[in-house]
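Please read the structure below before turning to the comments.
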Amino acid sequence: MLSITNLDYRVEARSLFEGATAQISAGWKVGLVGRNGTGKSTLLRLIREEIANPSGDSAIRMSQKATLGWVAQEVAATDETILEVVLAADHERHALMAESETAEDPMRIADIHTRLIDIDAWSAEARAAEVLMGLGFTDSDLSRATKEFSGGWRMRAALAGVLFSQPDLLLLDEPTNYLDLEGAAWLEGYLKRYPHTVLIVSHDRELLNRCVTHTMALEHLKLSICPGGYDAWLKLRAAKLEQLESQRTKQEAEKAHLQAFVDRFRAKASKAKQAQSRVKKLEKMQDVSIPLSERTTPFFFPAPKDKLSPPMLRLSEAELGYGDDAVILRDVELRLDPEDRIAIVGANGQGKTTLVKSIAKRLPLMAGECTAPSTIRIGYFSQDQLDELTLGDTVLDHVRRALPKETPVGKQRAQAAQMGFSHEKVETKVEKLSGGEKVRLLLGLMSLDKPHILILDEPTSHLDIDSREALIYALNDFAGAVLLITHDVFLAEATADQLWLVKDGAAKPYDGNLNDYRALITQADKRAKAA
């Protein structure tokens with residue numbers, strides 16, 4: 001299906017690929033993994049021929065007549081309905097349906113209808129609706145104009161379109177970034193059943209473990225493929241490193257033995273020829289090279305300076321929303337205690353962000369009470385804050401503003417270093433930072449006040465798998481309470497021991513774990529399909 005042979009590619013003076021080779025067979029579901037910045041998205045762009053390979057070699061080939069599909073950008077805001085946009089993504093069906101309305105030649109009309117039957121065109125609306133509703137749209141949404149939806153929902157519609165069109169090779173780059181847990185769970189099941197080949201870039205560990213058949217790793221400018229999901233690849237990599245270590249130990253012992261013989265007998269005439277033979281053998285021996293593992297900078301959330309008694313925060317008979325005409329949640333009764341670890345679940349649009357913004361005092365209550373000590377400090381992170389960073393300012397500028405005015409420069413730099421920014425990186429302007437570095441900066445700024453509660457609304461969208469693990473360690477070490485909204489099941493399972501469910505205008509504790517909740521989603525999806 002896809003052949004990559006001796007791929008070389010550079011961006012300015014930096015190599016991303018050197019002699020990279022891989023073969024992907026038809027029907028494989030392949031997860032492409034690697035650290036941020038190694039070139040995963042660049043590889044997808046090379047496959048799409050969006051950028052040309054300057055080496056001039058035809059290093060990437062697809063099967064003849066194979067169709068290629070990917071999410072290019074969000075759906076445009078127009079008067080077309082969401083359903084119409086998704087149906088139009090199947091270009092052949094769309095063209096045939098349009099031609100069928102104007103064709104006059106009886107033979108051509110017959111050919112059109114035969115082909116429409118072959119591609120099951122008459123069930124298209126039902127199939128498109130199934131995909132859209134799996135990704136979180138409601139039945140009433142299908143007839144709404146695309147201009148009525150936010151950019152995030154139009155991006156979901158674009159994903160729905162490429163899934164519905166079912167190309168022979170489907171390329172997906174972080175598809176769960178704009179999905180909730182429900183949408184991610186549905187996508188996982190859909191990809192398992194997908195009848196063609198998939199190449200997916202994702203940092204969602206559970207997705208990579210559950211729905212891929214092979215893992216392709218981009219490391220040290222090379223590509224390698226192994227059967228199984230992400231955890232299977234980790235085990236194989238660890239075994240290979242162990243084997244290399246063993247080989248290097250044996251080689252070093254053999255070198256020492258040969259060198260000892262040379263040193264001992266080089267000057268002795270009777271042994272000179274044997275000594276010279278061993279010198280040549282030493283010169284021909286190629287060192288066993290062990291790739292250096294890249295270090296992940298840890299996250300750090302300092303413990304609160306003062307302890308608060310339980311409950312730290314309580315919502316009583318609370319109504320939450322954006323005004324009298326937009327009350328989202330009613331009669332909310334929740335409490336938060338020191339060291340609570342709570343993941344908030346529920347479909348997008350149900351009010352999860354409204355809940356955490358109200359707790360963080362970013363939104364006033366419509367009614368009811370939020371009881372908390374006057375000394376409570378709450379750290380709040382949301383993806384929306386990425387746009388609040390000041391363009392043109394450096395990392396150090398942001399840290400300086402967040403600290404007291406009298407803080408010496410040395411301490412400012414030390415604080416930035418604790419956030420994970422080196423001496424050189426602190427002078428980098430924010431527009432030059434990667435998405436992961438911006439997240440790291442915002443999380444660091446959030447923790448400067450040593451909050452009692454950390455509220456994290458989708459913190460992982462720009463973090464690679466290793467950075468997500470580092471975040472898990474930091475959250476588990478944090479001596480305060482954590483409220484978490486995330487589509488990353490691995491992160492939620494590794495940090496949270498309680499769930500709050502936000503659904504149908506209510507927010508309440510959920511008596512079960514994430515596996516129970518996933519089963520609930522699956523059952524609801526099956527009932528929707530049956531209906």
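Ordered as shown in the structure tokens, chains take letters A, B, and onward, while each chain numbers its residues from 1 and ligands are numbered from 1 in the order shown.
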Between stretch 428-490 of chain A and stretch 395-398 of chain A, at 12 Å or less, what are the per-residue closest atom pairs and their distances in Å? Count only C-alpha atoms, order by chain and rising residue number, and return it as JSON lines.
```
{"residue": "A:Thr428", "atom": "CA", "partner": "A:Val395", "partner_atom": "CA", "distance": 6.2}
{"residue": "A:Lys429", "atom": "CA", "partner": "A:Val395", "partner_atom": "CA", "distance": 6.4}
{"residue": "A:Val430", "atom": "CA", "partner": "A:Val395", "partner_atom": "CA", "distance": 6.4}
{"residue": "A:Glu431", "atom": "CA", "partner": "A:Val395", "partner_atom": "CA", "distance": 10.1}
{"residue": "A:Lys432", "atom": "CA", "partner": "A:Val395", "partner_atom": "CA", "distance": 10.2}
{"residue": "A:Leu433", "atom": "CA", "partner": "A:Val395", "partner_atom": "CA", "distance": 9.1}
{"residue": "A:Glu437", "atom": "CA", "partner": "A:Val395", "partner_atom": "CA", "distance": 9.8}
{"residue": "A:Lys438", "atom": "CA", "partner": "A:Val395", "partner_atom": "CA", "distance": 9.1}
{"residue": "A:Val439", "atom": "CA", "partner": "A:Val395", "partner_atom": "CA", "distance": 11.9}
{"residue": "A:Arg440", "atom": "CA", "partner": "A:Val395", "partner_atom": "CA", "distance": 10.6}
{"residue": "A:Leu441", "atom": "CA", "partner": "A:Val395", "partner_atom": "CA", "distance": 7.4}
{"residue": "A:Leu442", "atom": "CA", "partner": "A:His398", "partner_atom": "CA", "distance": 9.4}
{"residue": "A:Gly444", "atom": "CA", "partner": "A:His398", "partner_atom": "CA", "distance": 10.4}
{"residue": "A:Leu445", "atom": "CA", "partner": "A:His398", "partner_atom": "CA", "distance": 8.1}
{"residue": "A:Met446", "atom": "CA", "partner": "A:His398", "partner_atom": "CA", "distance": 11.4}
{"residue": "A:Leu448", "atom": "CA", "partner": "A:His398", "partner_atom": "CA", "distance": 11.8}
```
Let me see the file: selected residues, C-alpha atoms, as an mmCIF file, in the first residue's frame.
```cif
data_model
loop_
_atom_site.group_PDB
_atom_site.id
_atom_site.type_symbol
_atom_site.label_atom_id
_atom_site.label_comp_id
_atom_site.auth_asym_id
_atom_site.auth_seq_id
_atom_site.Cartn_x
_atom_site.Cartn_y
_atom_site.Cartn_z
ATOM 1 C CA THR A 428 12.960 32.828 23.070
ATOM 2 C CA LYS A 429 9.859 34.755 22.014
ATOM 3 C CA VAL A 430 6.616 32.880 22.634
ATOM 4 C CA GLU A 431 5.660 32.772 18.954
ATOM 5 C CA LYS A 432 8.808 30.689 18.368
ATOM 6 C CA LEU A 433 7.869 28.123 21.032
ATOM 7 C CA GLU A 437 6.572 24.514 25.259
ATOM 8 C CA LYS A 438 3.681 26.995 25.472
ATOM 9 C CA VAL A 439 1.728 24.487 27.582
ATOM 10 C CA ARG A 440 4.794 24.045 29.814
ATOM 11 C CA LEU A 441 5.079 27.838 30.241
ATOM 12 C CA LEU A 442 1.390 28.249 31.134
ATOM 13 C CA GLY A 444 4.603 26.853 35.195
ATOM 14 C CA LEU A 445 3.047 30.326 35.482
ATOM 15 C CA MET A 446 -0.119 28.793 36.944
ATOM 16 C CA LEU A 448 3.865 30.127 40.876
#
```
Worksheet item: Among stretch 313-505 of chain A, which ones does DSSP place in helix (DSSP H, G or I), written as number ranges by chain?
Response: A: 352-359, 383-388, 395-402, 409-419, 425-427, 430-432, 435-449, 465-477, 489-495
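Between A:Ala121 and the residues A:Ser165, A:Gln251, A:Thr78, A:Thr486, the shortest atom-to-atom distance, using only C-alpha atoms, involves A:Ser165.
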Item to complete: Give me the residues within 9 Å of stretch 42-50 of chain A as a list in words, counting only C-alpha atoms and dropping any in the same chain fewer than 3 places off.
Response: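 The contact residues come out as Leu2, Leu16, Thr38, Gly39, Asn53, Ile60, Arg61, Met62, Leu68, Gly69, Trp70, Leu171, Leu172, Asp173, Leu199 and Val201 of chain A.
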Based on the selection just made, write N, CA and C atoms of those residues as an mmCIF file, in the first residue's frame.
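Saved file again.cif follows:
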```
data_model
loop_
_atom_site.group_PDB
_atom_site.id
_atom_site.type_symbol
_atom_site.label_atom_id
_atom_site.label_comp_id
_atom_site.auth_asym_id
_atom_site.auth_seq_id
_atom_site.Cartn_x
_atom_site.Cartn_y
_atom_site.Cartn_z
ATOM 1 N N LEU A 2 1.860 1.318 0.900
ATOM 2 C CA LEU A 2 2.737 2.487 0.988
ATOM 3 C C LEU A 2 4.173 2.029 1.170
ATOM 4 N N LEU A 16 15.808 15.617 9.216
ATOM 5 C CA LEU A 16 14.682 14.915 9.831
ATOM 6 C C LEU A 16 14.696 13.438 9.479
ATOM 7 N N THR A 38 10.342 15.615 15.817
ATOM 8 C CA THR A 38 11.184 14.672 15.067
ATOM 9 C C THR A 38 10.805 14.596 13.598
ATOM 10 N N GLY A 39 9.579 15.019 13.235
ATOM 11 C CA GLY A 39 9.211 15.036 11.820
ATOM 12 C C GLY A 39 8.010 14.191 11.456
ATOM 13 N N ASN A 53 10.078 16.523 -1.894
ATOM 14 C CA ASN A 53 11.339 16.025 -1.355
ATOM 15 C C ASN A 53 12.484 16.628 -2.174
ATOM 16 N N ILE A 60 8.818 7.923 -1.838
ATOM 17 C CA ILE A 60 7.531 7.532 -1.269
ATOM 18 C C ILE A 60 6.591 7.142 -2.397
ATOM 19 N N ARG A 61 6.088 5.917 -2.347
ATOM 20 C CA ARG A 61 5.186 5.428 -3.405
ATOM 21 C C ARG A 61 3.952 4.800 -2.774
ATOM 22 N N MET A 62 2.806 5.035 -3.421
ATOM 23 C CA MET A 62 1.553 4.385 -3.027
ATOM 24 C C MET A 62 1.121 3.418 -4.111
ATOM 25 N N LEU A 68 -6.258 8.664 -1.341
ATOM 26 C CA LEU A 68 -5.614 9.163 -0.133
ATOM 27 C C LEU A 68 -6.535 10.175 0.523
ATOM 28 N N GLY A 69 -6.701 10.092 1.844
ATOM 29 C CA GLY A 69 -7.586 11.023 2.541
ATOM 30 C C GLY A 69 -6.969 11.540 3.818
ATOM 31 N N TRP A 70 -7.243 12.811 4.126
ATOM 32 C CA TRP A 70 -6.761 13.406 5.368
ATOM 33 C C TRP A 70 -7.628 14.617 5.694
ATOM 34 N N LEU A 171 -4.913 9.185 6.446
ATOM 35 C CA LEU A 171 -3.881 9.820 7.266
ATOM 36 C C LEU A 171 -4.557 10.677 8.338
ATOM 37 N N LEU A 172 -4.224 10.430 9.582
ATOM 38 C CA LEU A 172 -4.811 11.192 10.688
ATOM 39 C C LEU A 172 -3.695 11.746 11.564
ATOM 40 N N ASP A 173 -3.740 13.053 11.817
ATOM 41 C CA ASP A 173 -2.728 13.717 12.638
ATOM 42 C C ASP A 173 -3.401 14.249 13.907
ATOM 43 N N LEU A 199 -2.855 5.397 8.714
ATOM 44 C CA LEU A 199 -1.602 5.845 9.328
ATOM 45 C C LEU A 199 -1.966 7.011 10.233
ATOM 46 N N VAL A 201 -0.959 9.605 13.471
ATOM 47 C CA VAL A 201 -0.038 10.224 14.432
ATOM 48 C C VAL A 201 -0.859 10.570 15.664
#
```
Worksheet item: Restricting the calculation to only C-alpha atoms, which member of A:Trp233, A:Phe381, A:Tyr510, A:Phe490 is positioned closest to A:Leu334?
Response: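 Checking each of A:Trp233, A:Phe381, A:Tyr510, A:Phe490 against A:Leu334, counting only C-alpha atoms, the winner is A:Tyr510.
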Discussion item. I'd like the contact shell of A:Pro310 - 10 Å cut-off, only C-alpha atoms, skipping same-chain residues fewer than 4 positions apart - returned as a PyMOL selection string.
Written reply: chain A and resi 314+335-339+372
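Nearest residue to A:Ser382, choosing from A:Met366, A:Ala256, A:Val399, A:Val356 and counting only C-alpha atoms: A:Val356.
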Worksheet item: Within 8 Å of stretch 456-458 of chain A, counting only C-alpha atoms, which residues qualify if same-chain residues fewer than 2 places away don't, as a VMD selection string?
Response: chain A and resid 353 380 to 383 454 460 to 461 482 to 487
Taking C-alpha atoms for each residue, export the selection above as a compact mmCIF listing (two decimals), in the first residue's frame.
```
# COMPACT_ATOMS: atom_id res chain seq x y z
CA THR A 353 -15.74 23.74 31.06
CA TYR A 380 -6.46 27.17 36.23
CA PHE A 381 -5.21 25.97 32.84
CA SER A 382 -7.15 25.89 29.58
CA GLN A 383 -6.09 25.51 25.96
CA LEU A 454 -5.06 22.58 40.09
CA THR A 460 -2.20 17.32 26.90
CA SER A 461 -3.20 18.30 23.36
CA VAL A 482 -6.63 18.11 41.07
CA LEU A 483 -9.64 18.63 38.78
CA LEU A 484 -9.01 17.25 35.29
CA ILE A 485 -10.85 17.42 31.97
CA THR A 486 -9.09 15.28 29.37
CA HIS A 487 -9.74 13.01 26.39
```
Discussion item. Please determine, counting only C-alpha atoms, which residue among A:Ile112, A:Ala506, A:Leu207, A:Ala253 has the shortest atom-to-atom distance to A:Gly321.
Written reply: A:Ala506
Worksheet item: Which residues come within 12 Å of A:Ala417, counting only C-alpha atoms, excluding same-chain residues fewer than 4 positions away, as a list of chain:residue names?
Response: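 In the requested form, the answer reads A:Thr297, A:Pro298, A:Phe299, A:Phe300, A:Val395, A:Leu396, A:Val399, A:Gly410, A:Lys411, A:Gln412, A:Arg413, A:Phe421, A:Ser422, A:His423, A:Glu424, A:Lys425, A:Val426, A:Glu427, A:Arg440, A:Leu441, A:Gly444.
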Same residues, N, CA and C atoms, output as an mmCIF file, in the first residue's frame:
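Dumped everything to part.cif:
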```cif
data_model
loop_
_atom_site.group_PDB
_atom_site.id
_atom_site.type_symbol
_atom_site.label_atom_id
_atom_site.label_comp_id
_atom_site.auth_asym_id
_atom_site.auth_seq_id
_atom_site.Cartn_x
_atom_site.Cartn_y
_atom_site.Cartn_z
ATOM 1 N N THR A 297 12.044 16.709 30.141
ATOM 2 C CA THR A 297 12.082 17.656 31.262
ATOM 3 C C THR A 297 10.860 17.435 32.139
ATOM 4 N N PRO A 298 11.050 17.245 33.438
ATOM 5 C CA PRO A 298 9.893 16.986 34.315
ATOM 6 C C PRO A 298 9.056 18.234 34.534
ATOM 7 N N PHE A 299 7.815 18.037 34.908
ATOM 8 C CA PHE A 299 6.963 19.119 35.387
ATOM 9 C C PHE A 299 7.079 19.181 36.910
ATOM 10 N N PHE A 300 6.752 20.325 37.470
ATOM 11 C CA PHE A 300 6.830 20.463 38.925
ATOM 12 C C PHE A 300 5.724 21.389 39.400
ATOM 13 N N VAL A 395 10.004 34.134 27.064
ATOM 14 C CA VAL A 395 9.629 33.331 28.232
ATOM 15 C C VAL A 395 9.960 34.106 29.504
ATOM 16 N N LEU A 396 11.157 34.688 29.555
ATOM 17 C CA LEU A 396 11.584 35.414 30.750
ATOM 18 C C LEU A 396 10.683 36.616 31.029
ATOM 19 N N VAL A 399 7.635 35.260 32.824
ATOM 20 C CA VAL A 399 7.955 34.864 34.201
ATOM 21 C C VAL A 399 8.160 36.108 35.066
ATOM 22 N N GLY A 410 18.304 36.724 38.727
ATOM 23 C CA GLY A 410 18.785 35.353 38.916
ATOM 24 C C GLY A 410 17.678 34.415 39.359
ATOM 25 N N LYS A 411 16.811 34.908 40.246
ATOM 26 C CA LYS A 411 15.701 34.078 40.717
ATOM 27 C C LYS A 411 14.654 33.902 39.620
ATOM 28 N N GLN A 412 14.474 34.939 38.801
ATOM 29 C CA GLN A 412 13.544 34.819 37.669
ATOM 30 C C GLN A 412 14.002 33.712 36.721
ATOM 31 N N ARG A 413 15.306 33.711 36.441
ATOM 32 C CA ARG A 413 15.853 32.691 35.543
ATOM 33 C C ARG A 413 15.775 31.301 36.182
ATOM 34 N N PHE A 421 12.845 25.487 31.062
ATOM 35 C CA PHE A 421 13.430 26.320 30.018
ATOM 36 C C PHE A 421 14.904 26.584 30.320
ATOM 37 N N SER A 422 15.753 26.204 29.392
ATOM 38 C CA SER A 422 17.193 26.340 29.571
ATOM 39 C C SER A 422 17.609 27.812 29.519
ATOM 40 N N HIS A 423 18.883 28.052 29.787
ATOM 41 C CA HIS A 423 19.430 29.409 29.795
ATOM 42 C C HIS A 423 19.180 30.104 28.455
ATOM 43 N N GLU A 424 19.330 29.366 27.341
ATOM 44 C CA GLU A 424 19.117 29.955 26.022
ATOM 45 C C GLU A 424 17.629 30.111 25.715
ATOM 46 N N LYS A 425 16.827 29.141 26.173
ATOM 47 C CA LYS A 425 15.410 29.110 25.794
ATOM 48 C C LYS A 425 14.609 30.234 26.454
ATOM 49 N N VAL A 426 15.071 30.735 27.611
ATOM 50 C CA VAL A 426 14.284 31.760 28.300
ATOM 51 C C VAL A 426 14.221 33.059 27.490
ATOM 52 N N GLU A 427 15.161 33.231 26.562
ATOM 53 C CA GLU A 427 15.164 34.449 25.740
ATOM 54 C C GLU A 427 14.382 34.267 24.431
ATOM 55 N N ARG A 440 3.872 24.108 28.675
ATOM 56 C CA ARG A 440 4.794 24.045 29.814
ATOM 57 C C ARG A 440 4.916 25.416 30.495
ATOM 58 N N LEU A 441 4.986 26.491 29.688
ATOM 59 C CA LEU A 441 5.079 27.838 30.241
ATOM 60 C C LEU A 441 3.822 28.192 31.026
ATOM 61 N N GLY A 444 3.645 26.303 34.252
ATOM 62 C CA GLY A 444 4.603 26.853 35.195
ATOM 63 C C GLY A 444 4.119 28.160 35.811
#
```
Between stretch 29-93 of chain A and stretch 138-146 of chain A, at 6 Å or less, what are the per-residue closest atom pairs and their distances in Å? Count only C-alpha atoms, order by chain and rising residue number, and return it as JSON lines.
```
{"residue": "A:Ala77", "atom": "CA", "partner": "A:Thr146", "partner_atom": "CA", "distance": 5.1}
{"residue": "A:Thr78", "atom": "CA", "partner": "A:Thr146", "partner_atom": "CA", "distance": 5.5}
{"residue": "A:Asp79", "atom": "CA", "partner": "A:Ala145", "partner_atom": "CA", "distance": 4.9}
{"residue": "A:Glu80", "atom": "CA", "partner": "A:Ala145", "partner_atom": "CA", "distance": 5.2}
{"residue": "A:Thr81", "atom": "CA", "partner": "A:Ala145", "partner_atom": "CA", "distance": 4.1}
{"residue": "A:Ile82", "atom": "CA", "partner": "A:Leu142", "partner_atom": "CA", "distance": 5.3}
{"residue": "A:Leu83", "atom": "CA", "partner": "A:Leu142", "partner_atom": "CA", "distance": 5.1}
```
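Between A:Phe301 and the residues A:Ala76, A:Ala414, A:Ala470, A:Val262, the shortest atom-to-atom distance, using only C-alpha atoms, involves A:Ala470.
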Worksheet, complete the sentence: Of A:Arg93, A:Ile24, A:Lys192, A:Gly136, the one nearest to A:Asp118 when counting only C-alpha atoms is A:Arg93
